[in-house]
Amino acid sequence: MLAAEEGLVDIKYLDEAGFCLWSPVSYSYSPIGEQKRLEQTLTRHGRRISILGLWQPGEAFEYALSQGGFKGPSYIQVMDWVAQKAAQTLAETGRITVVVQDNGSLHKSRLVQQQWPRWQEQGLFIFFLPPYCSEMNPIETQWRQLKCHEIAGQMFDNEYDLAMTVIDGMEARSKAGNYQLERFMFKCA
């Protein structure tokens with residue numbers, strides 16, 4: 001952390017979060033004598049929208065959205081994008097980029113491990129948090145804020161509306177936090 005504060009390295013915190021068509025009901029109130037009421041959509045089932053984000057506190061937030069969850073190939077595509085940016089940072093400033101992440105099986109899969117040497121050549125290094133210590137990852141606070149302040153209590157008819165709300169929420173948070181926001185777009189066949 002000190003090296004990042006001194007501008008010697010760029011540290012980015014990576015994590016995945018998910019959103020469902022029906023958000024969990026959080027704190028609510030109703031006038032005295034009236035029953036609480038929450039409008040619901042007709043469709044309760046649908047695929048979740050997953051977000052894979054990299055948070056560089058106070059500086060930038062990079063993310064990608066996926067219907068369902070992230071698998072090895074989609075994770076690698078995002079990390080290749082991050083590695084390209086790391087290579088540019090290394091060439092321009094001499095700073096390496098360190099991605100801090102949890103010990104998810106996806107992050108340590110054989111397919112992903114095969115990419116590590118290539119990413120290191122580009123100036124991107126991976127650091128793993130201790131097992132079961134997600135509270136040590138500052139991006140968790142960002143997910144909580146997004147879910148509580150931008151998504152909470154909303155119901156969605158389809159995954160597209162949910163994804164657009166997540167994108168709008170990310171944009172609102174970046175404006176409020178005054179940091180750069182960039183979204184990775186997967187190529188469609």
# chains A, B, ... in the order shown; residues from 1 in each chain; ligands from 1

$ residues_around --residues "region 4-10 of chain A" --least-positions-apart "3" --cutoff "9 Å" --atoms "only C-alpha atoms" --output "ChimeraX atom specification"
/A:1,56,86,89,94-99

$ select_by_dssp --residues "region 71-102 of chain A" --states "strand (DSSP E)" --output "PyMOL selection string"
chain A and resi 96-101

$ select_by_dssp --residues "region 15-174 of chain A" --states "alpha helix (DSSP H)" --output "ChimeraX atom specification"
/A:72-93,110-113,116-121,139-145,159-174

$ closest_residue --among "A:Gln88, A:Gln154, A:Asn178, A:Ser66" --to "Trp22 (chain A)" --atoms "only C-alpha atoms"
A:Gln154

$ residues_around --residues "Gln115 (chain A)" --least-positions-apart "2" --cutoff "12 Å" --atoms "only C-alpha atoms" --output "ChimeraX atom specification"
/A:72-73,75-77,79-80,83,107-113,117-122,124-126

$ write_last_selection --atoms "N, CA and C atoms" --output "mmCIF file, in the first residue's frame"
data_model
loop_
_atom_site.group_PDB
_atom_site.id
_atom_site.type_symbol
_atom_site.label_atom_id
_atom_site.label_comp_id
_atom_site.auth_asym_id
_atom_site.auth_seq_id
_atom_site.Cartn_x
_atom_site.Cartn_y
_atom_site.Cartn_z
ATOM 1 N N GLY A 72 -13.476 -19.126 -16.856
ATOM 2 C CA GLY A 72 -12.073 -18.923 -17.198
ATOM 3 C C GLY A 72 -11.839 -18.067 -18.427
ATOM 4 N N PRO A 73 -12.428 -18.397 -19.584
ATOM 5 C CA PRO A 73 -12.170 -17.606 -20.790
ATOM 6 C C PRO A 73 -12.602 -16.137 -20.679
ATOM 7 N N TYR A 75 -12.933 -14.380 -17.855
ATOM 8 C CA TYR A 75 -12.027 -13.762 -16.882
ATOM 9 C C TYR A 75 -10.696 -13.417 -17.560
ATOM 10 N N ILE A 76 -10.184 -14.336 -18.363
ATOM 11 C CA ILE A 76 -8.912 -14.105 -19.058
ATOM 12 C C ILE A 76 -9.033 -12.938 -20.038
ATOM 13 N N GLN A 77 -10.158 -12.828 -20.738
ATOM 14 C CA GLN A 77 -10.344 -11.692 -21.651
ATOM 15 C C GLN A 77 -10.254 -10.366 -20.896
ATOM 16 N N MET A 79 -8.764 -9.855 -17.976
ATOM 17 C CA MET A 79 -7.399 -9.686 -17.469
ATOM 18 C C MET A 79 -6.414 -9.364 -18.591
ATOM 19 N N ASP A 80 -6.635 -9.869 -19.792
ATOM 20 C CA ASP A 80 -5.796 -9.485 -20.934
ATOM 21 C C ASP A 80 -5.927 -7.989 -21.201
ATOM 22 N N ALA A 83 -4.017 -6.299 -18.565
ATOM 23 C CA ALA A 83 -2.586 -6.482 -18.827
ATOM 24 C C ALA A 83 -2.093 -5.540 -19.924
ATOM 25 N N HIS A 107 -9.901 -17.834 -10.103
ATOM 26 C CA HIS A 107 -8.653 -17.064 -10.110
ATOM 27 C C HIS A 107 -7.413 -17.944 -10.072
ATOM 28 N N LYS A 108 -7.579 -19.187 -9.644
ATOM 29 C CA LYS A 108 -6.432 -20.088 -9.522
ATOM 30 C C LYS A 108 -6.538 -21.306 -10.435
ATOM 31 N N SER A 109 -7.457 -21.272 -11.373
ATOM 32 C CA SER A 109 -7.620 -22.418 -12.275
ATOM 33 C C SER A 109 -6.360 -22.616 -13.119
ATOM 34 N N ARG A 110 -6.187 -23.816 -13.612
ATOM 35 C CA ARG A 110 -5.013 -24.137 -14.434
ATOM 36 C C ARG A 110 -4.947 -23.222 -15.662
ATOM 37 N N LEU A 111 -6.091 -23.003 -16.305
ATOM 38 C CA LEU A 111 -6.146 -22.142 -17.490
ATOM 39 C C LEU A 111 -5.669 -20.727 -17.167
ATOM 40 N N VAL A 112 -6.083 -20.205 -16.027
ATOM 41 C CA VAL A 112 -5.676 -18.857 -15.617
ATOM 42 C C VAL A 112 -4.196 -18.839 -15.235
ATOM 43 N N GLN A 113 -3.748 -19.849 -14.499
ATOM 44 C CA GLN A 113 -2.338 -19.896 -14.094
ATOM 45 C C GLN A 113 -1.405 -19.900 -15.298
ATOM 46 N N PRO A 117 2.605 -15.941 -16.459
ATOM 47 C CA PRO A 117 3.900 -15.478 -16.985
ATOM 48 C C PRO A 117 3.742 -14.401 -18.070
ATOM 49 N N ARG A 118 2.767 -14.573 -18.922
ATOM 50 C CA ARG A 118 2.533 -13.586 -19.992
ATOM 51 C C ARG A 118 2.114 -12.241 -19.394
ATOM 52 N N TRP A 119 1.230 -12.288 -18.397
ATOM 53 C CA TRP A 119 0.782 -11.047 -17.765
ATOM 54 C C TRP A 119 1.943 -10.365 -17.035
ATOM 55 N N GLN A 120 2.806 -11.171 -16.392
ATOM 56 C CA GLN A 120 3.949 -10.591 -15.687
ATOM 57 C C GLN A 120 4.893 -9.883 -16.655
ATOM 58 N N GLU A 121 5.085 -10.445 -17.847
ATOM 59 C CA GLU A 121 5.912 -9.786 -18.861
ATOM 60 C C GLU A 121 5.332 -8.426 -19.244
ATOM 61 N N GLN A 122 4.015 -8.286 -19.113
ATOM 62 C CA GLN A 122 3.349 -7.025 -19.442
ATOM 63 C C GLN A 122 3.294 -6.074 -18.241
ATOM 64 N N LEU A 124 1.912 -6.938 -15.180
ATOM 65 C CA LEU A 124 0.741 -7.220 -14.351
ATOM 66 C C LEU A 124 1.047 -8.410 -13.441
ATOM 67 N N PHE A 125 0.935 -8.174 -12.145
ATOM 68 C CA PHE A 125 1.214 -9.208 -11.155
ATOM 69 C C PHE A 125 -0.033 -9.453 -10.310
ATOM 70 N N ILE A 126 -0.213 -10.703 -9.889
ATOM 71 C CA ILE A 126 -1.383 -11.108 -9.116
ATOM 72 C C ILE A 126 -0.966 -11.353 -7.670
#

$ closest_residue --among "A:Met170, A:Met164, A:Ala91, A:Val100" --to "Asn137 (chain A)" --atoms "only C-alpha atoms"
A:Val100

$ closest_residue --among "A:Leu162, A:Ala87, A:Ala60, A:Cys20" --to "Tyr179 (chain A)" --atoms "only C-alpha atoms"
A:Ala60

$ closest_residue --among "A:Asp102, A:Glu135, A:Glu150, A:Glu34" --to "Ala172 (chain A)" --atoms "only C-alpha atoms"
A:Glu150

$ closest_residue --among "A:Gln101, A:Leu54, A:Ala163, A:Gly153" --to "Trp81 (chain A)" --atoms "only C-alpha atoms"
A:Leu54

$ residues_around --residues "Ser50 (chain A)" --least-positions-apart "6" --cutoff "12 Å" --atoms "only C-alpha atoms" --output "number ranges by chain"
A: 15-21, 63-71, 74-75, 143, 159, 162-163, 166-167

$ write_last_selection --atoms "N, CA and C atoms" --output "compact mmCIF listing (two decimals), in the first residue's frame"
# COMPACT_ATOMS: atom_id res chain seq x y z
N ASP A 15 -12.77 -8.14 -7.79
CA ASP A 15 -13.78 -9.02 -7.22
C ASP A 15 -14.95 -9.11 -8.17
N GLU A 16 -15.76 -10.14 -7.96
CA GLU A 16 -16.98 -10.34 -8.75
C GLU A 16 -18.18 -10.21 -7.82
N ALA A 17 -19.23 -9.60 -8.33
CA ALA A 17 -20.49 -9.49 -7.59
C ALA A 17 -21.62 -9.84 -8.54
N GLY A 18 -22.78 -10.15 -7.98
CA GLY A 18 -23.90 -10.54 -8.82
C GLY A 18 -25.17 -9.80 -8.44
N PHE A 19 -26.06 -9.69 -9.43
CA PHE A 19 -27.33 -9.00 -9.25
C PHE A 19 -28.43 -9.87 -9.86
N CYS A 20 -29.56 -9.95 -9.17
CA CYS A 20 -30.70 -10.74 -9.64
C CYS A 20 -31.84 -9.82 -10.04
N LEU A 21 -32.78 -10.38 -10.80
CA LEU A 21 -33.94 -9.58 -11.23
C LEU A 21 -34.72 -9.04 -10.04
N TYR A 63 -14.52 -2.34 -15.20
CA TYR A 63 -15.42 -3.46 -14.96
C TYR A 63 -15.93 -4.06 -16.25
N ALA A 64 -16.48 -5.26 -16.11
CA ALA A 64 -17.13 -5.96 -17.22
C ALA A 64 -18.39 -6.62 -16.67
N LEU A 65 -19.40 -6.70 -17.51
CA LEU A 65 -20.65 -7.36 -17.15
C LEU A 65 -20.79 -8.66 -17.92
N SER A 66 -21.44 -9.62 -17.29
CA SER A 66 -21.68 -10.91 -17.93
C SER A 66 -23.03 -11.45 -17.48
N GLN A 67 -23.75 -12.06 -18.40
CA GLN A 67 -24.99 -12.71 -18.01
C GLN A 67 -24.61 -14.08 -17.46
N GLY A 68 -25.10 -14.40 -16.29
CA GLY A 68 -24.66 -15.62 -15.62
C GLY A 68 -23.46 -15.27 -14.77
N GLY A 69 -22.40 -15.99 -14.91
CA GLY A 69 -21.19 -15.71 -14.14
C GLY A 69 -19.98 -15.68 -15.04
N PHE A 70 -18.85 -15.34 -14.47
CA PHE A 70 -17.60 -15.32 -15.22
C PHE A 70 -16.97 -16.71 -15.15
N LYS A 71 -16.47 -17.15 -16.27
CA LYS A 71 -15.76 -18.42 -16.39
C LYS A 71 -14.32 -18.10 -16.80
N SER A 74 -13.75 -15.87 -20.06
CA SER A 74 -14.19 -14.47 -19.94
C SER A 74 -13.33 -13.71 -18.94
N TYR A 75 -12.93 -14.38 -17.85
CA TYR A 75 -12.03 -13.76 -16.88
C TYR A 75 -10.70 -13.42 -17.56
N TRP A 143 -19.15 -2.61 -3.84
CA TRP A 143 -20.30 -3.45 -4.20
C TRP A 143 -21.47 -3.18 -3.27
N GLU A 159 -33.12 -9.19 -17.98
CA GLU A 159 -31.71 -8.99 -17.68
C GLU A 159 -31.17 -7.70 -18.29
N LEU A 162 -31.91 -4.84 -15.96
CA LEU A 162 -31.03 -4.97 -14.80
C LEU A 162 -29.62 -4.50 -15.14
N ALA A 163 -29.09 -4.97 -16.27
CA ALA A 163 -27.73 -4.58 -16.69
C ALA A 163 -27.63 -3.08 -16.88
N VAL A 166 -27.40 -1.42 -13.54
CA VAL A 166 -26.06 -1.59 -12.97
C VAL A 166 -25.10 -0.60 -13.62
N ILE A 167 -25.15 -0.47 -14.94
CA ILE A 167 -24.29 0.48 -15.66
C ILE A 167 -24.57 1.91 -15.18

$ residues_around --residues "Pro57 (chain A)" --least-positions-apart "4" --cutoff "10 Å" --atoms "only C-alpha atoms" --output "JSON list (two decimals) with N, CA and C atoms, in the first residue's frame"
[["chain", "number", "residue", "atom", "x", "y", "z"],
["A", 11, "ILE", "N", -2.05, -0.36, -7.64],
["A", 11, "ILE", "CA", -2.75, -1.48, -7.01],
["A", 11, "ILE", "C", -4.22, -1.41, -7.37],
["A", 12, "LYS", "N", -4.74, -2.54, -7.86],
["A", 12, "LYS", "CA", -6.15, -2.64, -8.22],
["A", 12, "LYS", "C", -6.74, -3.83, -7.47],
["A", 13, "TYR", "N", -7.91, -3.64, -6.90],
["A", 13, "TYR", "CA", -8.59, -4.69, -6.14],
["A", 13, "TYR", "C", -9.68, -5.30, -7.01],
["A", 61, "PHE", "N", -12.11, 2.87, -11.77],
["A", 61, "PHE", "CA", -12.86, 1.62, -11.62],
["A", 61, "PHE", "C", -13.06, 1.06, -13.02],
["A", 138, "PRO", "N", -11.00, -3.84, -0.42],
["A", 138, "PRO", "CA", -11.79, -2.60, -0.41],
["A", 138, "PRO", "C", -12.90, -2.54, -1.46],
["A", 139, "ILE", "N", -12.82, -3.36, -2.49],
["A", 139, "ILE", "CA", -13.87, -3.32, -3.52],
["A", 139, "ILE", "C", -15.20, -3.82, -2.95],
["A", 142, "GLN", "N", -17.42, -1.05, -2.27],
["A", 142, "GLN", "CA", -18.01, -0.49, -3.49],
["A", 142, "GLN", "C", -19.23, -1.29, -3.92],
["A", 177, "GLY", "N", -17.94, 9.82, -6.71],
["A", 177, "GLY", "CA", -16.61, 9.58, -6.17],
["A", 177, "GLY", "C", -15.50, 10.27, -6.93],
["A", 179, "TYR", "N", -14.02, 9.56, -9.83],
["A", 179, "TYR", "CA", -12.97, 8.69, -10.37],
["A", 179, "TYR", "C", -13.34, 8.26, -11.78]]
